[in-house]
Amino acid sequence: MSKGLPETRTDAAMSELVPEPRPKPAVPMKPVSINSNLLGYIGIDTIIEQMRKKTMKTGFDFNIMVVGQSGLGKSTLVNTLFKSQVSRKASSWNREEKIPKTVEIKAIGHVIEEGGVKMKLTVIDTPGFGDQINNENCWEPIEKYINEQYEKFLKEEVNIARKKRIPDTRVHCCLYFISPTGHSLRPLDLEFMKHLSKVVNIIPVIAKADTMTLEEKSEFKQRVRKELEVNGIEFYPQKEFDEDLEDKTENDKIRQESMPFAVVGSDKEYQVNGKRVLGRKTPWGIIEVENLNHCEFALLRDFVIRTHLQDLKEVTHNIHYETYRAKRLNDNGGLPPVSVDTEESHDSNP
Amino acid sequence: MGKVSEDKEYVGFAALPNQLHRKSVKKGFDFTLMVAGESGLGKSTLINSLFLTNLYEDRQLPEASARLTQTLTIERRGVEIEEGGIKVKLTLVDTPGFGDSLDCSDCWLPVVHFIEEQFEQYLRDESGLNRKNIQDSRVHCCLYFISPFGRGLRPLDVAFLRAVHQKVNIIPVIGKADALMPNETQALKQKIRDQLKEEEINIYQFPDCDSDEDEDFKRQDAEMKESIPFAVVGSCEVVRAGGIRPVRGRRYSWGTVEVENPHHCDFLNLRRMLVQTHLQDLKEVTHDLLYEGYRARCLQSLARPGARDRASRSKLSRQSATEIPLPMLPLAETEKLIREKDEELRRMQEMLEKMQAQMQQSQAQGEQSDAL
């Protein structure tokens, strides 16, 4: 765990699981004889294997929040991302189902396992966001929730007797759903992202992208990117946190070309060319969710889960959390209130 | 007008519809259509598709940060469409800014004021002295666009509809309906219908067809009524669907949506019901029901004691025959009358001059023939 003021990321990285790749030796290893194949080989590269085993045993946490107006397919997308029913879809056509009068925060946890690795996934839903007639400050409950998780973590951290593994309920990633109007961002989108991009990693996605043709999609994305830039909104991956040139080029490509990802979600399967695929069947064709010619769901999935999952957690821990912590320490004149183990938490975390 | 009717028992007023028809063709046809709904639901594209025009060509779409502080405005665009010898003067009323700001409370008030203003203007014209050229600027129909991305009507939709449903004919429409699979469309339509009933919102009721129409027509009519709210897709681009023939549609990587294909969306139904069969009925309902309702409410509120004196100065009361106070029209009205009278005078003068010229001509001709 990192202490003190926010440090550079390279130091902190050591405390997390994945170490830097081992640099190539300046002197190439001599070819060895068959019997003594251990000459010159120490075996530190097994550390990766050891860490992997440890991760598999302990599992890891991931907390993802979804924000957007009702009906934009948030729950369906999350279910598609994690290939399981982790998000209960608001029973769409239920007559009793009413839009909540204020923004609610609902966090539901699941344990998913794949290849021996356990993930404790928490999906945080925000029903009621953007659905009222008056939506001023409707992001406040969300900001409050995020800060409460930081506060919780901080309290655990400054404890005298600390838990071995502090439960991490901090929001690692916030998927913000943009309505596919085809024109531009809505004022509410701008306001939300302006306020929250400083507190949490925001990944904007264009929801229900099957309403836009290829030209409309690319125009819309360009316009959205420009609007975000003009308004100084830094979405994840933030430019200032690119560690090295490799990161920068990779992330630049994602930032300037792919994002925001135009996605389509589905939990129904159809038969296409002899394969069963997730998709949406319309009278004019079947939209395949994982077909890159149809939508960018696969890109989003690879981005969030397969390549940047760990980075999302690291940025949350090293940047956002540290910012919060520094602010709290400054506010309190240097010393956060000392918390005792038995102290009850008054947070409204469900 | 050709043959003299031979049958002396035959009165001949069966030709009345033809006469009316000819008169209205000569006069032309006025229609005011309002489109309302959040931005980005395909309203402009649909209007362009419906009327095969390009009304929104020079439109500038403002950015999100500009829309934050924008209030709702009312815009009017006029276009003359001619088809088969019949001229339609179509006025489109747009409501940009609706649903844009963070706080949309009461954002429908400008729309309500606008509709009522038109009624008030008509009431004044109707009660005035010169009723020859009353311009009917009343809103005859409001196409309200519902988002296909929501789960039915949103609070803002309900608030808007409740504010205007007794003042204008509402036809609810689901925009960008190619976002939905067939079962989703059905479920959404049912949800909207249920919500409309629950919130007691009166939408325009397409009249029942006559009992002597054939079964096929009745069935078609019933089908059309069941498909309300209409799930529409608009497009002004022509694409080749499956390489057969060009159609208006939207091309995606997974297929092409054909705007005029009844299996794809309800565009044809909407066009048929709005433009081809019920244009006149919408005007009639506006006049006979909605306007009369407004007028009755207006005059009733004037009937309250104390209000009468104020009112008698500006409106003609039709209540009691015994007291018919002479209307003292406000200044603007009198000026308008003066202008109209001037116009009439000018026309009469022109006619006089023409007649004089003709007389002079015939005199001259007469003299010539005398001379011969």
# chains A, B, ... in the order shown; residues from 1 in each chain; ligands from 1
$ select_by_dssp --residues "stretch 161-308 of chain B" --states "strand (DSSP E or B)" --output "number ranges by chain"
B: 170-174, 230-231, 238-241, 245-252, 255-258
$ interface_residues --of "chain A" --to "chain B" --cutoff "9 Å" --atoms "only C-alpha atoms" --output "mmCIF file with N, CA, C and O atoms, in the first residue's frame"
data_model
loop_
_atom_site.group_PDB
_atom_site.id
_atom_site.type_symbol
_atom_site.label_atom_id
_atom_site.label_comp_id
_atom_site.auth_asym_id
_atom_site.auth_seq_id
_atom_site.Cartn_x
_atom_site.Cartn_y
_atom_site.Cartn_z
ATOM 1 N N GLN A 69 -29.328 7.225 -19.108
ATOM 2 C CA GLN A 69 -30.790 7.234 -19.029
ATOM 3 C C GLN A 69 -31.332 5.818 -19.111
ATOM 4 O O GLN A 69 -30.668 4.921 -19.646
ATOM 5 N N SER A 70 -32.548 5.652 -18.602
ATOM 6 C CA SER A 70 -33.120 4.305 -18.624
ATOM 7 C C SER A 70 -33.437 3.912 -20.058
ATOM 8 O O SER A 70 -33.829 4.743 -20.874
ATOM 9 N N GLY A 71 -33.237 2.647 -20.345
ATOM 10 C CA GLY A 71 -33.559 2.153 -21.676
ATOM 11 C C GLY A 71 -32.397 2.169 -22.643
ATOM 12 O O GLY A 71 -32.545 1.799 -23.795
ATOM 13 N N LEU A 72 -31.199 2.582 -22.197
ATOM 14 C CA LEU A 72 -30.083 2.627 -23.133
ATOM 15 C C LEU A 72 -29.331 1.310 -23.206
ATOM 16 O O LEU A 72 -28.299 1.224 -23.861
ATOM 17 N N GLY A 73 -29.810 0.296 -22.514
ATOM 18 C CA GLY A 73 -29.185 -1.015 -22.637
ATOM 19 C C GLY A 73 -28.020 -1.248 -21.717
ATOM 20 O O GLY A 73 -27.137 -2.048 -22.023
ATOM 21 N N SER A 92 -38.677 -4.634 -18.216
ATOM 22 C CA SER A 92 -39.032 -3.496 -19.063
ATOM 23 C C SER A 92 -40.503 -3.204 -19.187
ATOM 24 O O SER A 92 -40.914 -2.068 -19.156
ATOM 25 N N TRP A 93 -41.290 -4.206 -19.351
ATOM 26 C CA TRP A 93 -42.668 -3.927 -19.710
ATOM 27 C C TRP A 93 -43.605 -4.121 -18.538
ATOM 28 O O TRP A 93 -44.802 -4.160 -18.679
ATOM 29 N N ASN A 94 -43.006 -4.192 -17.359
ATOM 30 C CA ASN A 94 -43.817 -4.345 -16.165
ATOM 31 C C ASN A 94 -44.562 -3.047 -15.870
ATOM 32 O O ASN A 94 -43.961 -1.993 -15.800
ATOM 33 N N ARG A 95 -45.826 -3.155 -15.687
ATOM 34 C CA ARG A 95 -46.601 -1.930 -15.497
ATOM 35 C C ARG A 95 -46.269 -1.233 -14.200
ATOM 36 O O ARG A 95 -46.396 -0.037 -14.083
ATOM 37 N N ILE A 99 -40.129 4.825 -12.931
ATOM 38 C CA ILE A 99 -38.832 5.488 -12.854
ATOM 39 C C ILE A 99 -38.697 6.076 -11.460
ATOM 40 O O ILE A 99 -39.577 6.795 -11.005
ATOM 41 N N GLY A 130 -30.933 11.060 -15.085
ATOM 42 C CA GLY A 130 -31.304 11.671 -16.351
ATOM 43 C C GLY A 130 -32.728 11.425 -16.805
ATOM 44 O O GLY A 130 -33.087 11.773 -17.924
ATOM 45 N N ASP A 131 -33.549 10.829 -15.966
ATOM 46 C CA ASP A 131 -34.903 10.515 -16.405
ATOM 47 C C ASP A 131 -35.940 11.515 -15.940
ATOM 48 O O ASP A 131 -37.083 11.466 -16.375
ATOM 49 N N GLN A 132 -35.567 12.383 -15.007
ATOM 50 C CA GLN A 132 -36.572 13.310 -14.472
ATOM 51 C C GLN A 132 -36.770 14.488 -15.412
ATOM 52 O O GLN A 132 -36.047 14.657 -16.379
ATOM 53 N N ILE A 133 -37.756 15.312 -15.065
ATOM 54 C CA ILE A 133 -37.952 16.536 -15.816
ATOM 55 C C ILE A 133 -36.856 17.519 -15.429
ATOM 56 O O ILE A 133 -36.275 18.223 -16.259
ATOM 57 N N ASN A 134 -36.556 17.558 -14.125
ATOM 58 C CA ASN A 134 -35.489 18.429 -13.678
ATOM 59 C C ASN A 134 -34.292 17.574 -13.306
ATOM 60 O O ASN A 134 -34.305 16.879 -12.298
ATOM 61 N N ASN A 135 -33.256 17.630 -14.128
ATOM 62 C CA ASN A 135 -32.104 16.763 -13.879
ATOM 63 C C ASN A 135 -30.909 17.503 -13.327
ATOM 64 O O ASN A 135 -29.787 17.023 -13.410
ATOM 65 N N GLU A 136 -31.154 18.699 -12.791
ATOM 66 C CA GLU A 136 -30.006 19.451 -12.282
ATOM 67 C C GLU A 136 -29.348 18.702 -11.146
ATOM 68 O O GLU A 136 -30.006 18.212 -10.248
ATOM 69 N N ASN A 137 -28.036 18.655 -11.200
ATOM 70 C CA ASN A 137 -27.282 18.029 -10.119
ATOM 71 C C ASN A 137 -27.634 16.578 -9.871
ATOM 72 O O ASN A 137 -27.443 16.068 -8.770
ATOM 73 N N SER A 179 -26.573 8.682 -25.549
ATOM 74 C CA SER A 179 -27.705 8.342 -26.397
ATOM 75 C C SER A 179 -27.353 8.594 -27.862
ATOM 76 O O SER A 179 -26.800 9.641 -28.195
ATOM 77 N N PRO A 180 -27.651 7.666 -28.756
ATOM 78 C CA PRO A 180 -27.224 7.808 -30.157
ATOM 79 C C PRO A 180 -28.089 8.767 -30.965
ATOM 80 O O PRO A 180 -28.730 8.378 -31.934
ATOM 81 N N THR A 181 -28.108 10.027 -30.562
ATOM 82 C CA THR A 181 -28.951 10.965 -31.286
ATOM 83 C C THR A 181 -28.400 11.250 -32.667
ATOM 84 O O THR A 181 -29.122 11.618 -33.569
ATOM 85 N N GLY A 182 -27.093 11.140 -32.805
ATOM 86 C CA GLY A 182 -26.499 11.443 -34.100
ATOM 87 C C GLY A 182 -26.140 12.913 -34.230
ATOM 88 O O GLY A 182 -25.480 13.314 -35.189
ATOM 89 N N HIS A 183 -26.574 13.732 -33.271
ATOM 90 C CA HIS A 183 -26.271 15.159 -33.376
ATOM 91 C C HIS A 183 -25.005 15.494 -32.603
ATOM 92 O O HIS A 183 -23.982 15.821 -33.161
ATOM 93 N N SER A 184 -25.114 15.467 -31.274
ATOM 94 C CA SER A 184 -23.964 15.810 -30.430
ATOM 95 C C SER A 184 -24.273 15.304 -29.032
ATOM 96 O O SER A 184 -25.304 14.678 -28.810
ATOM 97 N N LEU A 185 -23.406 15.608 -28.108
ATOM 98 C CA LEU A 185 -23.677 15.234 -26.727
ATOM 99 C C LEU A 185 -24.842 16.052 -26.202
ATOM 100 O O LEU A 185 -25.116 17.137 -26.680
ATOM 101 N N ARG A 186 -25.513 15.514 -25.199
ATOM 102 C CA ARG A 186 -26.569 16.294 -24.574
ATOM 103 C C ARG A 186 -25.955 17.092 -23.437
ATOM 104 O O ARG A 186 -24.934 16.690 -22.868
ATOM 105 N N PRO A 187 -26.577 18.223 -23.104
ATOM 106 C CA PRO A 187 -26.010 19.030 -22.011
ATOM 107 C C PRO A 187 -25.774 18.208 -20.744
ATOM 108 O O PRO A 187 -24.773 18.400 -20.050
ATOM 109 N N LEU A 188 -26.683 17.280 -20.456
ATOM 110 C CA LEU A 188 -26.513 16.461 -19.263
ATOM 111 C C LEU A 188 -25.238 15.626 -19.345
ATOM 112 O O LEU A 188 -24.517 15.467 -18.352
ATOM 113 N N ASP A 189 -24.952 15.077 -20.528
ATOM 114 C CA ASP A 189 -23.739 14.270 -20.697
ATOM 115 C C ASP A 189 -22.510 15.096 -20.347
ATOM 116 O O ASP A 189 -21.626 14.653 -19.612
ATOM 117 N N LEU A 190 -22.475 16.316 -20.897
ATOM 118 C CA LEU A 190 -21.320 17.181 -20.649
ATOM 119 C C LEU A 190 -21.146 17.458 -19.165
ATOM 120 O O LEU A 190 -20.051 17.328 -18.624
ATOM 121 N N GLU A 191 -22.246 17.837 -18.525
ATOM 122 C CA GLU A 191 -22.161 18.199 -17.119
ATOM 123 C C GLU A 191 -21.706 17.020 -16.276
ATOM 124 O O GLU A 191 -20.862 17.159 -15.392
ATOM 125 N N LYS A 208 -26.754 1.513 -27.971
ATOM 126 C CA LYS A 208 -27.701 1.156 -29.036
ATOM 127 C C LYS A 208 -27.229 1.680 -30.390
ATOM 128 O O LYS A 208 -27.954 2.357 -31.101
ATOM 129 N N ALA A 209 -26.007 1.363 -30.705
ATOM 130 C CA ALA A 209 -25.402 1.919 -31.905
ATOM 131 C C ALA A 209 -25.955 1.325 -33.184
ATOM 132 O O ALA A 209 -25.528 1.697 -34.267
ATOM 133 N N ASP A 210 -26.912 0.410 -33.070
ATOM 134 C CA ASP A 210 -27.458 -0.141 -34.313
ATOM 135 C C ASP A 210 -28.446 0.798 -34.979
ATOM 136 O O ASP A 210 -29.100 0.426 -35.937
ATOM 137 N N THR A 211 -28.576 2.041 -34.462
ATOM 138 C CA THR A 211 -29.430 2.985 -35.164
ATOM 139 C C THR A 211 -28.637 3.898 -36.076
ATOM 140 O O THR A 211 -29.196 4.761 -36.724
ATOM 141 N N MET A 212 -27.322 3.719 -36.102
ATOM 142 C CA MET A 212 -26.534 4.616 -36.948
ATOM 143 C C MET A 212 -25.823 3.857 -38.052
ATOM 144 O O MET A 212 -25.283 2.779 -37.820
ATOM 145 N N THR A 213 -25.837 4.465 -39.241
ATOM 146 C CA THR A 213 -25.084 3.867 -40.338
ATOM 147 C C THR A 213 -23.604 4.180 -40.109
ATOM 148 O O THR A 213 -23.255 4.957 -39.234
ATOM 149 N N LEU A 214 -22.755 3.578 -40.930
ATOM 150 C CA LEU A 214 -21.319 3.755 -40.737
ATOM 151 C C LEU A 214 -20.915 5.227 -40.793
ATOM 152 O O LEU A 214 -20.129 5.694 -39.960
ATOM 153 N N GLU A 227 -16.170 17.622 -28.882
ATOM 154 C CA GLU A 227 -16.857 18.320 -27.794
ATOM 155 C C GLU A 227 -16.208 18.030 -26.461
ATOM 156 O O GLU A 227 -16.088 18.900 -25.611
ATOM 157 N N ASN A 231 -14.295 20.866 -24.103
ATOM 158 C CA ASN A 231 -14.741 21.114 -22.744
ATOM 159 C C ASN A 231 -13.774 20.601 -21.690
ATOM 160 O O ASN A 231 -14.108 20.558 -20.510
ATOM 161 N N ARG A 280 -29.159 -9.353 -32.489
ATOM 162 C CA ARG A 280 -30.501 -8.803 -32.510
ATOM 163 C C ARG A 280 -31.070 -9.087 -33.889
ATOM 164 O O ARG A 280 -30.452 -8.748 -34.903
ATOM 165 N N LYS A 281 -32.252 -9.694 -33.901
ATOM 166 C CA LYS A 281 -32.820 -10.073 -35.190
ATOM 167 C C LYS A 281 -33.890 -9.079 -35.597
ATOM 168 O O LYS A 281 -34.876 -8.876 -34.896
ATOM 169 N N THR A 282 -33.681 -8.445 -36.744
ATOM 170 C CA THR A 282 -34.661 -7.500 -37.258
ATOM 171 C C THR A 282 -35.124 -7.998 -38.620
ATOM 172 O O THR A 282 -34.488 -8.877 -39.197
ATOM 173 N N PRO A 283 -36.222 -7.437 -39.135
ATOM 174 C CA PRO A 283 -36.682 -7.887 -40.451
ATOM 175 C C PRO A 283 -35.675 -7.636 -41.562
ATOM 176 O O PRO A 283 -35.771 -8.213 -42.642
ATOM 177 N N TRP A 284 -34.720 -6.743 -41.323
ATOM 178 C CA TRP A 284 -33.781 -6.443 -42.404
ATOM 179 C C TRP A 284 -32.399 -7.035 -42.168
ATOM 180 O O TRP A 284 -31.465 -6.758 -42.887
ATOM 181 N N GLY A 285 -32.239 -7.842 -41.164
ATOM 182 C CA GLY A 285 -30.939 -8.472 -40.969
ATOM 183 C C GLY A 285 -30.676 -8.778 -39.509
ATOM 184 O O GLY A 285 -31.420 -8.356 -38.626
ATOM 185 N N ILE A 286 -29.622 -9.548 -39.268
ATOM 186 C CA ILE A 286 -29.269 -9.877 -37.886
ATOM 187 C C ILE A 286 -28.021 -9.104 -37.513
ATOM 188 O O ILE A 286 -26.992 -9.184 -38.203
ATOM 189 N N ILE A 287 -28.098 -8.357 -36.423
ATOM 190 C CA ILE A 287 -26.946 -7.591 -35.956
ATOM 191 C C ILE A 287 -26.156 -8.475 -35.017
ATOM 192 O O ILE A 287 -26.674 -8.923 -33.997
ATOM 193 N N GLU A 288 -24.924 -8.759 -35.386
ATOM 194 C CA GLU A 288 -24.103 -9.625 -34.539
ATOM 195 C C GLU A 288 -23.269 -8.776 -33.593
ATOM 196 O O GLU A 288 -22.494 -7.927 -34.011
ATOM 197 N N ASN A 293 -17.648 -5.685 -37.874
ATOM 198 C CA ASN A 293 -18.250 -4.904 -38.954
ATOM 199 C C ASN A 293 -19.578 -4.319 -38.524
ATOM 200 O O ASN A 293 -20.101 -3.420 -39.163
ATOM 201 N N HIS A 294 -20.150 -4.877 -37.460
ATOM 202 C CA HIS A 294 -21.475 -4.428 -37.053
ATOM 203 C C HIS A 294 -21.396 -3.425 -35.921
ATOM 204 O O HIS A 294 -22.080 -2.414 -35.927
#
$ closest_residue --among "B:Asp210, B:Glu353, B:Asn133, B:Val164" --to "B:Glu116" --atoms "only C-alpha atoms"
B:Val164
$ closest_atom_pairs --of "stretch 143-252 of chain A" --to "stretch 305-324 of chain A" --cutoff "7 Å" --atoms "only C-alpha atoms" --output "CSV"
residue,atom,partner,partner_atom,distance
A:Tyr150,CA,A:Tyr321,CA,6.2
A:His172,CA,A:Lys313,CA,5.4
A:Cys173,CA,A:Leu312,CA,6.6
A:Val199,CA,A:His320,CA,5.8
A:Val200,CA,A:His320,CA,6.4
$ residues_around --residues "B:Val285" --least-positions-apart "2" --cutoff "12 Å" --atoms "only C-alpha atoms" --output "VMD selection string"
chain B and resid 138 to 141 166 to 170 203 to 207 278 to 283 287 to 293
$ residues_around --residues "A:Phe62" --least-positions-apart "6" --cutoff "7 Å" --atoms "only C-alpha atoms" --output "list in words"
Lys120, Leu121, Thr122 and His172 of chain A
$ atom_distance --atom1 "atom CA of A:Tyr236" --atom2 "atom CA of A:Asp252"
11.1 Å
$ atom_distance --atom1 "atom CA of A:Val230" --atom2 "atom CA of A:Phe303"
24.7 Å
$ residues_around --residues "B:Arg77" --least-positions-apart "6" --cutoff "7 Å" --atoms "only C-alpha atoms" --output "ChimeraX atom specification"
/B:91-93
$ residues_around --residues "stretch 105-111 of chain A" --least-positions-apart "6" --cutoff "9 Å" --atoms "only C-alpha atoms" --output "list of chain:residue names"
A:Asn63, A:Met65, A:Val86, A:Ser87, A:Lys118, A:Met119, A:Lys120, A:Leu121, A:Thr122, A:Val123, A:Ile124, A:Asp125, A:Thr126, A:Pro127, A:Pro141, A:Ile142, A:Tyr145, A:Asn349, A:Pro350
